[in-house]
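Engineer: This is model_5.pdb (PDB, C-alpha atoms).
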```
ATOM      1  CA  MET A   1      11.806   2.617 -11.768
ATOM      2  CA  PRO A   2      13.898  -0.392 -12.825
ATOM      3  CA  ALA A   3      13.228  -1.706 -16.295
ATOM      4  CA  LEU A   4      11.269  -4.915 -16.719
ATOM      5  CA  ILE A   5      13.404  -7.354 -18.670
ATOM      6  CA  PRO A   6      13.157 -11.087 -19.308
ATOM      7  CA  PHE A   7      14.827 -13.296 -16.715
ATOM      8  CA  HIS A   8      16.930 -15.156 -19.309
ATOM      9  CA  ALA A   9      18.530 -11.876 -20.350
ATOM     10  CA  VAL A  10      19.287 -10.940 -16.745
ATOM     11  CA  PHE A  11      20.729 -14.378 -16.046
ATOM     12  CA  ALA A  12      22.949 -14.353 -19.148
ATOM     13  CA  ALA A  13      24.253 -10.883 -18.375
ATOM     14  CA  ALA A  14      25.017 -11.872 -14.807
ATOM     15  CA  ILE A  15      26.986 -14.912 -15.921
ATOM     16  CA  ILE A  16      28.993 -12.898 -18.441
ATOM     17  CA  ALA A  17      29.696 -10.141 -15.921
ATOM     18  CA  ALA A  18      30.436 -12.345 -12.935
ATOM     19  CA  GLY A  19      32.050 -15.356 -14.571
ATOM     20  CA  LEU A  20      32.215 -17.700 -11.606
ATOM     21  CA  LEU A  21      29.008 -16.366 -10.014
ATOM     22  CA  ALA A  22      27.282 -19.734  -9.593
ATOM     23  CA  THR A  23      30.474 -21.438  -8.403
ATOM     24  CA  GLY A  24      31.150 -18.702  -5.870
ATOM     25  CA  ALA A  25      27.584 -18.838  -4.529
ATOM     26  CA  ALA A  26      27.750 -22.604  -4.176
ATOM     27  CA  GLY A  27      30.672 -22.218  -1.797
ATOM     28  CA  ALA A  28      28.923 -19.570   0.300
ATOM     29  CA  SER A  29      27.885 -20.168   3.883
ATOM     30  CA  PRO A  30      24.308 -21.239   4.665
ATOM     31  CA  LEU A  31      21.909 -18.345   4.872
ATOM     32  CA  ARG A  32      20.553 -17.066   8.178
ATOM     33  CA  GLY A  33      18.842 -13.862   9.289
ATOM     34  CA  VAL A  34      18.688 -11.134   6.657
ATOM     35  CA  ILE A  35      20.469 -10.815   3.345
ATOM     36  CA  GLY A  36      21.189  -7.469   1.700
ATOM     37  CA  VAL A  37      20.338  -6.511  -1.853
ATOM     38  CA  PRO A  38      23.962  -6.663  -3.118
ATOM     39  CA  GLU A  39      24.518 -10.147  -1.688
ATOM     40  CA  LEU A  40      21.301 -11.491  -3.186
ATOM     41  CA  ALA A  41      22.156  -9.934  -6.540
ATOM     42  CA  ALA A  42      25.529 -11.696  -6.434
ATOM     43  CA  ARG A  43      23.861 -15.045  -5.713
ATOM     44  CA  LEU A  44      21.348 -14.944  -8.583
ATOM     45  CA  GLY A  45      21.955 -17.891 -10.875
ATOM     46  CA  ALA A  46      23.180 -20.269  -8.167
ATOM     47  CA  GLY A  47      21.622 -23.653  -8.801
ATOM     48  CA  ASN A  48      20.494 -24.187  -5.225
ATOM     49  CA  LEU A  49      19.011 -20.695  -4.730
ATOM     50  CA  VAL A  50      15.237 -20.279  -4.480
ATOM     51  CA  VAL A  51      13.950 -16.716  -4.241
ATOM     52  CA  LEU A  52      10.485 -16.813  -2.727
ATOM     53  CA  ASP A  53       8.226 -13.841  -3.467
ATOM     54  CA  ILE A  54       5.462 -13.869  -0.844
ATOM     55  CA  ARG A  55       3.818 -10.539  -1.726
ATOM     56  CA  SER A  56       0.072 -10.561  -1.234
ATOM     57  CA  GLY A  57      -2.996  -8.637  -2.300
ATOM     58  CA  GLU A  58      -6.546  -8.586  -1.035
ATOM     59  CA  THR A  59      -7.205 -11.559  -3.290
ATOM     60  CA  ARG A  60      -5.037 -14.262  -4.793
ATOM     61  CA  GLU A  61      -5.405 -12.550  -8.185
ATOM     62  CA  LYS A  62      -4.114  -9.230  -6.847
ATOM     63  CA  GLY A  63      -1.098 -10.903  -5.309
ATOM     64  CA  ALA A  64      -0.376 -12.612  -8.629
ATOM     65  CA  ALA A  65      -0.699  -9.259 -10.402
ATOM     66  CA  LEU A  66       1.946  -7.721  -8.150
ATOM     67  CA  TYR A  67       4.273 -10.571  -9.023
ATOM     68  CA  ARG A  68       3.621 -10.257 -12.786
ATOM     69  CA  ALA A  69       4.237  -6.510 -12.648
ATOM     70  CA  GLY A  70       7.846  -7.134 -11.628
ATOM     71  CA  HIS A  71       9.781  -9.411  -9.310
ATOM     72  CA  VAL A  72      13.333 -10.386  -8.474
ATOM     73  CA  PRO A  73      14.542 -12.328 -11.522
ATOM     74  CA  GLY A  74      13.940 -16.031 -11.114
ATOM     75  CA  ALA A  75      11.682 -15.665  -8.053
ATOM     76  CA  VAL A  76       8.742 -18.000  -7.578
ATOM     77  CA  HIS A  77       5.501 -16.659  -6.134
ATOM     78  CA  ALA A  78       3.831 -18.090  -3.032
ATOM     79  CA  ASP A  79       1.356 -15.510  -1.756
ATOM     80  CA  TYR A  80       1.615 -15.247   2.041
ATOM     81  CA  ALA A  81      -2.118 -14.759   2.495
ATOM     82  CA  HIS A  82      -3.328 -17.415   0.083
ATOM     83  CA  ALA A  83      -0.702 -20.169  -0.068
ATOM     84  CA  SER A  84      -0.542 -22.761   2.707
ATOM     85  CA  TRP A  85       1.793 -20.961   5.091
ATOM     86  CA  ARG A  86      -0.824 -20.933   7.860
ATOM     87  CA  LEU A  87      -3.534 -23.575   8.035
ATOM     88  CA  PRO A  88      -6.764 -24.102   9.986
ATOM     89  CA  ARG A  89      -7.621 -26.591  12.675
ATOM     90  CA  GLU A  90     -11.234 -26.462  13.753
ATOM     91  CA  LYS A  91     -12.198 -22.770  14.146
ATOM     92  CA  ILE A  92      -8.682 -21.332  14.098
ATOM     93  CA  SER A  93      -6.787 -20.713  10.860
ATOM     94  CA  VAL A  94      -3.330 -19.584  11.932
ATOM     95  CA  TYR A  95      -1.411 -22.745  12.731
ATOM     96  CA  LEU A  96       1.895 -24.096  11.504
ATOM     97  CA  PRO A  97       1.267 -26.590   8.667
ATOM     98  CA  GLU A  98       1.607 -30.257   9.433
ATOM     99  CA  PRO A  99       4.892 -31.721   8.129
ATOM    100  CA  THR A 100       3.195 -33.452   5.175
ATOM    101  CA  GLN A 101       1.408 -30.225   4.245
ATOM    102  CA  PHE A 102       4.658 -28.283   4.330
ATOM    103  CA  GLU A 103       6.424 -30.950   2.292
ATOM    104  CA  ALA A 104       3.779 -30.578  -0.401
ATOM    105  CA  LEU A 105       4.068 -26.779  -0.437
ATOM    106  CA  ALA A 106       7.879 -26.733  -0.516
ATOM    107  CA  GLY A 107       7.950 -29.421  -3.199
ATOM    108  CA  GLU A 108       5.535 -27.488  -5.407
ATOM    109  CA  LEU A 109       7.804 -24.444  -5.103
ATOM    110  CA  GLY A 110      10.839 -26.428  -6.233
ATOM    111  CA  ILE A 111      12.481 -26.242  -2.814
ATOM    112  CA  GLY A 112      14.669 -29.109  -1.626
ATOM    113  CA  ASN A 113      16.278 -29.675   1.742
ATOM    114  CA  ASP A 114      19.567 -28.258   0.472
ATOM    115  CA  SER A 115      18.050 -25.142  -1.130
ATOM    116  CA  ASP A 116      19.199 -21.666  -0.125
ATOM    117  CA  VAL A 117      15.881 -19.840   0.310
ATOM    118  CA  VAL A 118      15.508 -16.054   0.278
ATOM    119  CA  VAL A 119      12.111 -14.657   1.283
ATOM    120  CA  VAL A 120      11.037 -11.422  -0.412
ATOM    121  CA  HIS A 121       8.231  -9.393   1.162
ATOM    122  CA  GLU A 122       6.714  -6.070   0.120
ATOM    123  CA  GLY A 123       9.033  -3.971   2.254
ATOM    124  CA  GLU A 124       6.383  -1.298   2.663
ATOM    125  CA  ASP A 125       5.718  -1.657   6.403
ATOM    126  CA  ALA A 126       6.546  -3.645   9.527
ATOM    127  CA  SER A 127       3.647  -6.011   8.952
ATOM    128  CA  SER A 128       5.096  -7.220   5.649
ATOM    129  CA  PHE A 129       8.361  -8.021   7.424
ATOM    130  CA  GLY A 130       6.274 -10.004   9.895
ATOM    131  CA  ALA A 131       4.900 -12.092   7.037
ATOM    132  CA  ALA A 132       8.429 -12.869   5.890
ATOM    133  CA  ALA A 133       9.471 -13.712   9.449
ATOM    134  CA  ARG A 134       6.508 -16.080   9.804
ATOM    135  CA  VAL A 135       7.486 -17.882   6.586
ATOM    136  CA  TYR A 136      11.104 -17.980   7.792
ATOM    137  CA  TRP A 137      10.014 -19.468  11.140
ATOM    138  CA  THR A 138       7.896 -22.042   9.320
ATOM    139  CA  PHE A 139      10.939 -23.240   7.379
ATOM    140  CA  LYS A 140      13.032 -23.343  10.555
ATOM    141  CA  ALA A 141      10.301 -25.225  12.419
ATOM    142  CA  MET A 142      10.439 -27.805   9.636
ATOM    143  CA  GLY A 143      14.205 -28.159   9.991
ATOM    144  CA  HIS A 144      15.341 -26.129   6.981
ATOM    145  CA  ALA A 145      18.985 -25.122   7.322
ATOM    146  CA  SER A 146      19.598 -22.231   4.906
ATOM    147  CA  ILE A 147      17.136 -19.342   4.702
ATOM    148  CA  ALA A 148      17.200 -15.540   4.895
ATOM    149  CA  ILE A 149      14.881 -12.565   4.489
ATOM    150  CA  LEU A 150      15.715  -9.887   1.925
ATOM    151  CA  ASP A 151      16.406  -6.828   4.070
ATOM    152  CA  GLY A 152      13.965  -4.137   3.009
ATOM    153  CA  GLY A 153      12.112  -6.555   0.756
ATOM    154  CA  HIS A 154      10.965  -5.848  -2.785
ATOM    155  CA  ARG A 155      10.976  -2.120  -2.119
ATOM    156  CA  ALA A 156      14.699  -2.122  -1.285
ATOM    157  CA  TRP A 157      15.469  -4.208  -4.381
ATOM    158  CA  ARG A 158      13.545  -1.786  -6.583
ATOM    159  CA  LEU A 159      14.988   1.386  -5.001
ATOM    160  CA  ALA A 160      18.506  -0.003  -5.437
ATOM    161  CA  GLY A 161      17.907  -0.026  -9.198
ATOM    162  CA  GLN A 162      18.150  -3.799  -9.469
ATOM    163  CA  PRO A 163      16.479  -5.422 -12.495
ATOM    164  CA  LEU A 164      12.939  -6.715 -12.314
ATOM    165  CA  SER A 165      11.517  -9.546 -14.346
ATOM    166  CA  SER A 166       7.969  -9.934 -15.632
ATOM    167  CA  ASP A 167       8.523 -13.567 -16.594
ATOM    168  CA  PRO A 168       6.505 -15.969 -14.412
ATOM    169  CA  VAL A 169       8.521 -18.850 -13.031
ATOM    170  CA  SER A 170       7.074 -22.346 -12.962
ATOM    171  CA  PRO A 171       9.405 -24.324 -10.706
ATOM    172  CA  GLN A 172      10.330 -27.920 -11.276
ATOM    173  CA  PRO A 173       8.627 -29.873  -8.461
ATOM    174  CA  SER A 174      11.002 -31.408  -5.958
ATOM    175  CA  LEU A 175      10.930 -33.788  -3.026
ATOM    176  CA  TYR A 176      11.141 -32.264   0.426
ATOM    177  CA  GLU A 177      11.523 -34.079   3.735
ATOM    178  CA  ALA A 178      10.433 -32.081   6.756
ATOM    179  CA  LYS A 179      12.433 -32.579   9.944
ATOM    180  CA  PRO A 180      10.290 -30.812  12.546
ATOM    181  CA  VAL A 181      11.928 -28.885  15.380
ATOM    182  CA  PRO A 182       9.310 -28.841  18.175
ATOM    183  CA  ALA A 183      11.507 -26.641  20.373
ATOM    184  CA  LEU A 184      10.710 -23.611  18.193
ATOM    185  CA  ARG A 185       6.965 -23.754  18.776
ATOM    186  CA  ALA A 186       4.953 -23.067  21.929
ATOM    187  CA  SER A 187       1.565 -24.561  22.744
ATOM    188  CA  LEU A 188      -1.224 -23.109  24.851
ATOM    189  CA  GLN A 189      -0.078 -25.360  27.691
ATOM    190  CA  ASP A 190       3.439 -23.911  27.404
ATOM    191  CA  VAL A 191       2.017 -20.395  27.634
ATOM    192  CA  LEU A 192      -0.130 -21.199  30.666
ATOM    193  CA  ALA A 193       2.886 -22.715  32.418
ATOM    194  CA  ALA A 194       5.333 -19.950  31.466
ATOM    195  CA  GLY A 195       5.146 -17.994  34.710
ATOM    196  CA  ASN A 196       5.942 -21.031  36.829
ATOM    197  CA  GLN A 197       8.821 -22.080  34.597
ATOM    198  CA  GLY A 198      10.691 -18.769  34.389
ATOM    199  CA  VAL A 199       9.706 -18.149  30.773
ATOM    200  CA  THR A 200       9.142 -14.575  29.588
ATOM    201  CA  LEU A 201       5.989 -13.986  27.555
ATOM    202  CA  VAL A 202       6.467 -11.251  24.966
ATOM    203  CA  ASP A 203       3.433  -9.509  23.480
ATOM    204  CA  SER A 204       4.472  -8.366  20.005
ATOM    205  CA  ARG A 205       1.346  -6.361  19.254
ATOM    206  CA  PRO A 206       1.115  -2.561  19.259
ATOM    207  CA  GLU A 207       0.834  -1.137  22.767
ATOM    208  CA  SER A 208      -2.829  -0.249  22.254
ATOM    209  CA  PHE A 209      -3.597  -3.964  21.953
ATOM    210  CA  TYR A 210      -1.449  -4.789  24.964
ATOM    211  CA  THR A 211      -3.194  -2.252  27.189
ATOM    212  CA  GLY A 212      -6.651  -3.222  25.948
ATOM    213  CA  LEU A 213      -7.605  -0.074  24.071
ATOM    214  CA  GLU A 214      -8.269  -2.142  20.952
ATOM    215  CA  LYS A 215      -8.293  -5.749  19.828
ATOM    216  CA  HIS A 216      -8.309  -7.979  16.773
ATOM    217  CA  ARG A 217     -11.865  -8.602  15.574
ATOM    218  CA  ALA A 218     -11.577 -12.365  16.148
ATOM    219  CA  VAL A 219      -9.952 -12.203  19.587
ATOM    220  CA  LYS A 220     -12.424 -12.642  22.443
ATOM    221  CA  GLY A 221     -11.013 -10.259  24.992
ATOM    222  CA  PHE A 222      -9.185  -6.955  25.410
ATOM    223  CA  GLY A 223      -5.718  -6.841  26.935
ATOM    224  CA  HIS A 224      -2.766  -9.207  27.211
ATOM    225  CA  ILE A 225      -1.825 -12.540  28.729
ATOM    226  CA  PRO A 226      -1.093 -12.009  32.441
ATOM    227  CA  GLY A 227       2.599 -11.498  33.112
ATOM    228  CA  ALA A 228       3.535 -10.683  29.525
ATOM    229  CA  VAL A 229       5.863  -7.803  28.670
ATOM    230  CA  SER A 230       5.208  -5.511  25.713
ATOM    231  CA  ILE A 231       7.734  -5.387  22.866
ATOM    232  CA  PRO A 232       5.861  -4.204  19.751
ATOM    233  CA  HIS A 233       7.174  -5.782  16.570
ATOM    234  CA  THR A 234       7.747  -2.334  15.063
ATOM    235  CA  ARG A 235      10.771  -1.887  17.357
ATOM    236  CA  ALA A 236      12.732  -4.194  15.052
ATOM    237  CA  LEU A 237      12.749  -1.912  12.030
ATOM    238  CA  GLY A 238      13.963   1.519  11.024
ATOM    239  CA  PRO A 239      12.104   4.159   8.969
ATOM    240  CA  ASP A 240      13.208   2.406   5.775
ATOM    241  CA  ASN A 241      11.593  -0.848   6.961
ATOM    242  CA  LYS A 242      14.998  -2.492   7.192
ATOM    243  CA  LEU A 243      16.151  -4.368  10.269
ATOM    244  CA  LEU A 244      17.962  -2.241  12.848
ATOM    245  CA  ASP A 245      21.548  -3.026  13.786
ATOM    246  CA  ALA A 246      22.192  -5.641  16.462
ATOM    247  CA  ALA A 247      23.085  -3.125  19.177
ATOM    248  CA  SER A 248      19.835  -1.225  18.672
ATOM    249  CA  LEU A 249      17.864  -4.459  18.645
ATOM    250  CA  ALA A 250      19.502  -5.598  21.877
ATOM    251  CA  ARG A 251      18.383  -2.341  23.535
ATOM    252  CA  ASN A 252      14.870  -2.446  22.086
ATOM    253  CA  PHE A 253      14.347  -6.078  23.088
ATOM    254  CA  ALA A 254      16.046  -5.941  26.495
ATOM    255  CA  ALA A 255      12.783  -6.786  28.300
ATOM    256  CA  ALA A 256      12.950 -10.292  26.821
ATOM    257  CA  ASP A 257      15.351 -12.039  29.156
ATOM    258  CA  GLY A 258      16.074 -15.762  29.183
ATOM    259  CA  PRO A 259      13.680 -18.368  27.751
ATOM    260  CA  THR A 260      10.967 -16.524  25.818
ATOM    261  CA  ILE A 261       7.654 -17.163  24.084
ATOM    262  CA  ALA A 262       6.496 -14.510  21.606
ATOM    263  CA  TYR A 263       2.821 -14.101  20.753
ATOM    264  CA  CYS A 264       0.504 -11.607  19.069
ATOM    265  CA  ASN A 265      -3.009 -12.029  17.632
ATOM    266  CA  THR A 266      -2.361 -14.693  14.998
ATOM    267  CA  GLY A 267       1.361 -15.510  15.181
ATOM    268  CA  HIS A 268       2.287 -13.006  12.460
ATOM    269  CA  TRP A 269       3.752  -9.989  14.275
ATOM    270  CA  ALA A 270       5.194 -12.313  16.920
ATOM    271  CA  ALA A 271       7.344 -13.911  14.234
ATOM    272  CA  THR A 272       9.306 -10.656  14.013
ATOM    273  CA  ASP A 273      10.121 -10.720  17.729
ATOM    274  CA  TRP A 274      11.033 -14.410  17.517
ATOM    275  CA  PHE A 275      13.264 -13.641  14.523
ATOM    276  CA  VAL A 276      15.109 -10.830  16.288
ATOM    277  CA  LEU A 277      15.677 -12.760  19.505
ATOM    278  CA  SER A 278      16.586 -16.090  17.917
ATOM    279  CA  GLU A 279      18.133 -15.367  14.544
ATOM    280  CA  VAL A 280      19.733 -11.951  15.025
ATOM    281  CA  LEU A 281      20.596 -11.798  18.725
ATOM    282  CA  GLY A 282      21.287 -15.542  18.784
ATOM    283  CA  ARG A 283      19.473 -16.341  22.010
ATOM    284  CA  ASP A 284      18.487 -19.887  22.936
ATOM    285  CA  ASN A 285      15.069 -21.222  23.896
ATOM    286  CA  ILE A 286      13.019 -18.699  21.928
ATOM    287  CA  ARG A 287       9.616 -19.995  20.865
ATOM    288  CA  LEU A 288       6.689 -18.692  18.840
ATOM    289  CA  TYR A 289       3.112 -19.285  19.952
ATOM    290  CA  ASP A 290       1.370 -19.603  16.591
ATOM    291  CA  GLY A 291      -2.096 -19.906  18.153
ATOM    292  CA  SER A 292      -1.512 -16.555  19.906
ATOM    293  CA  MET A 293      -4.414 -14.515  21.295
ATOM    294  CA  LEU A 294      -6.825 -16.054  18.825
ATOM    295  CA  GLU A 295      -6.426 -19.510  20.327
ATOM    296  CA  TYR A 296      -5.783 -18.243  23.853
ATOM    297  CA  THR A 297      -9.138 -16.418  24.072
ATOM    298  CA  LEU A 298     -11.324 -18.489  21.756
ATOM    299  CA  GLU A 299     -10.626 -21.988  22.944
ATOM    300  CA  ASN A 300      -9.987 -21.690  26.653
ATOM    301  CA  GLN A 301     -11.548 -18.463  27.909
ATOM    302  CA  ALA A 302      -8.217 -17.867  29.599
ATOM    303  CA  PRO A 303      -7.857 -14.581  31.517
ATOM    304  CA  VAL A 304      -6.434 -11.434  29.990
ATOM    305  CA  THR A 305      -5.159  -8.320  31.702
ATOM    306  CA  GLY A 306      -5.616  -4.712  30.614
ATOM    307  CA  ARG A 307      -8.019  -1.846  30.588
ATOM    308  CA  ARG A 308     -11.169  -1.989  28.513
ATOM    309  CA  PRO A 309     -12.413   0.805  26.217
ATOM    310  CA  GLY A 310     -14.370   3.284  28.282
ATOM    311  CA  SER A 311     -13.243   1.779  31.581
ATOM    312  CA  GLY A 312     -11.421   4.945  32.616
ATOM    313  CA  SER A 313      -8.596   2.915  34.119
TER     314      SER A 313
END
```
How does the structure come out when it is put into C-alpha cells?

Structural biologist:
Amino acid sequence: MPALIPFHAVFAAAIIAAGLLATGAAGASPLRGVIGVPELAARLGAGNLVVLDIRSGETREKGAALYRAGHVPGAVHADYAHASWRLPREKISVYLPEPTQFEALAGELGIGNDSDVVVVHEGEDASSFGAAARVYWTFKAMGHASIAILDGGHRAWRLAGQPLSSDPVSPQPSLYEAKPVPALRASLQDVLAAGNQGVTLVDSRPESFYTGLEKHRAVKGFGHIPGAVSIPHTRALGPDNKLLDAASLARNFAAADGPTIAYCNTGHWAATDWFVLSEVLGRDNIRLYDGSMLEYTLENQAPVTGRRPGSGS
C-alpha cells in the first residue's frame, strides 16, 4: 500500500523532480473525458488544477474518514452522497442544482471557471464511476470547460503505487459563474415526446430493471419507458473498472443511434451512458434525464413496459 505522506513533501519532491511541472501543465489542453494516473501525477502542482475526491460512505462521517485515510495529494473532498451534487424539488431529490446552488458549491471547493477539474471516485465498481460521471455532467451542464474523470479512480491511483496524503485540504473560496447549457439536460416533456421526434431513449439500468424483474424502492412501477432500448451502464467498463477503449464502447453502445436521452432510476447510472456517448464517442445531441424513473413514475403515472414479478411473461 502506498505510504501516507504530507502533501507539502509530495509537492516539493514533484517540483524538484519535474522542474517545469507547473509551467508544462499550464500549457496543457483543456481536460475532457478520462485522465490516466500518469497524466494526473504529472499535473499535480499546477495552479489551476483542482482534484475533487467524491468518495462516499454510508454517512458523511464515513466519507470523510475515507478521505482522511489517504487521498490524492492536494485533493479536496466533496462527498457525492452528501454534498450538493443532486438536490430536491418537492418529493424528488435527484435533480441538477440550480445555477446559484452550483456556484456556491464550486466556490466553496475553490473551483473557478478556468480550473482544470479532475474527479476521483472509489474505482471499486461501475456505480462509483457513475457517481463521477454525474458530477462531470453537472459541471458540463453548468458550462465548465475543462474536466476529466480519473480512469480507475482512487483504486487505480493506489494500485499504481502513487503517493497518498492524509493532510486535509481547506480550499480558498473562489467566485464561480455558472453558464448553464440546457441542451445537455432532458425534461419529462422531452422524454414523452422522444418517440415522435426521432430521439432514442436509452435505459442505463441493469437488464433486470429494464425487463421488470426488479425495481428501485422509490420507483412506482416495474419495467421501462415504452420504446427505450437497454444499454446497461456496466457495458462501459472493463474488469478493472476502467473505461473500455473507444472501439469496444462503439460496439457496446451501438443501439444508441442519433439524438439520445439516457435515463435510469435517479440519473446516476445514466450519467455513464451519457458520458460514453457524448464525451468519449463524441456524438451530438446526447442528453441526460436527471429525473429518470423516479420522476417519470412518481409525478405523472406515465406508462411503463415490462414483465412484472410472478407474471410468467

Engineer: Can you work out the spacing between atom CA of Pro171 of chain A and atom CA of Leu109 of chain A in Å, to one decimal?

Structural biologist: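 One can read the atom CA of Pro171 of chain A to atom CA of Leu109 of chain A distance as 5.8 Å.
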
Engineer: At what distance in Å, to one decimal, does atom CA of Tyr80 of chain A lie from atom CA of Gly45 of chain A?

Structural biologist: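 Pair atom CA of Gly45 of chain A / atom CA of Tyr80 of chain A returns 24.2 Å.
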
Engineer: Mind telling me what the PyMOL selection byres ((chain A and resi 37) around 9) catches here, as JSON, numbers by chain?

Structural biologist: {"A": [35, 36, 38, 39, 40, 41, 42, 150, 151, 152, 153, 156, 157, 160, 162]}

Engineer: Counting only C-alpha atoms, which residue out of A:Leu175, A:Lys215, A:Arg43, A:Met142 sits closest to Ala104 of chain A?

Structural biologist: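 Selected residue with least distance to Ala104 of chain A: A:Leu175.
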
Engineer: Find the smallest box with edges along x, y and z containing every listed atom of segment 252-258 of chain A, then add 4 Å on each side and report centre and edge lengths in Å to one decimal, as lines of an AutoDock Vina configuration file.

Structural biologist:
```
center_x = 14.4
center_y = -9.1
center_z = 25.6
size_x = 11.3
size_y = 21.3
size_z = 15.1
```

Engineer: Selection in question (the file shown): the PyMOL selection byres ((chain A and resi 97) around 7). Which residues does it include, as a list in words?

Structural biologist: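 Listing what the PyMOL selection byres ((chain A and resi 97) around 7) selects in the shown file: Trp85, Arg86, Leu87, Tyr95, Leu96, Glu98, Pro99, Gln101 and Phe102 of chain A.
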
Engineer: Rank nothing, just name the residue among A:Pro239, A:Pro259, A:Pro163, A:Gly63 nearest to His121 of chain A, using only C-alpha atoms.

Structural biologist: A:Gly63

Engineer: Restricting the calculation to all atoms listed in the file: of A:Glu124, A:His268, A:Ser166, A:Gly33, which residue gets closest to Leu281 of chain A?

Structural biologist: A:Gly33

Engineer: Identify which of the residues A:Arg32, A:Gly198, A:Ser174, A:His224 lies closest to Glu108 of chain A, counting only C-alpha atoms when measuring atom-to-atom distances.

Structural biologist: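 Nearest candidate to Glu108 of chain A out of A:Arg32, A:Gly198, A:Ser174, A:His224: A:Ser174.
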
Engineer: Identify which of the residues A:Gly267, A:Gly112, A:Gly291, A:Gly57 lies closest to Ser146 of chain A, counting only C-alpha atoms when measuring atom-to-atom distances.

Structural biologist: A:Gly112
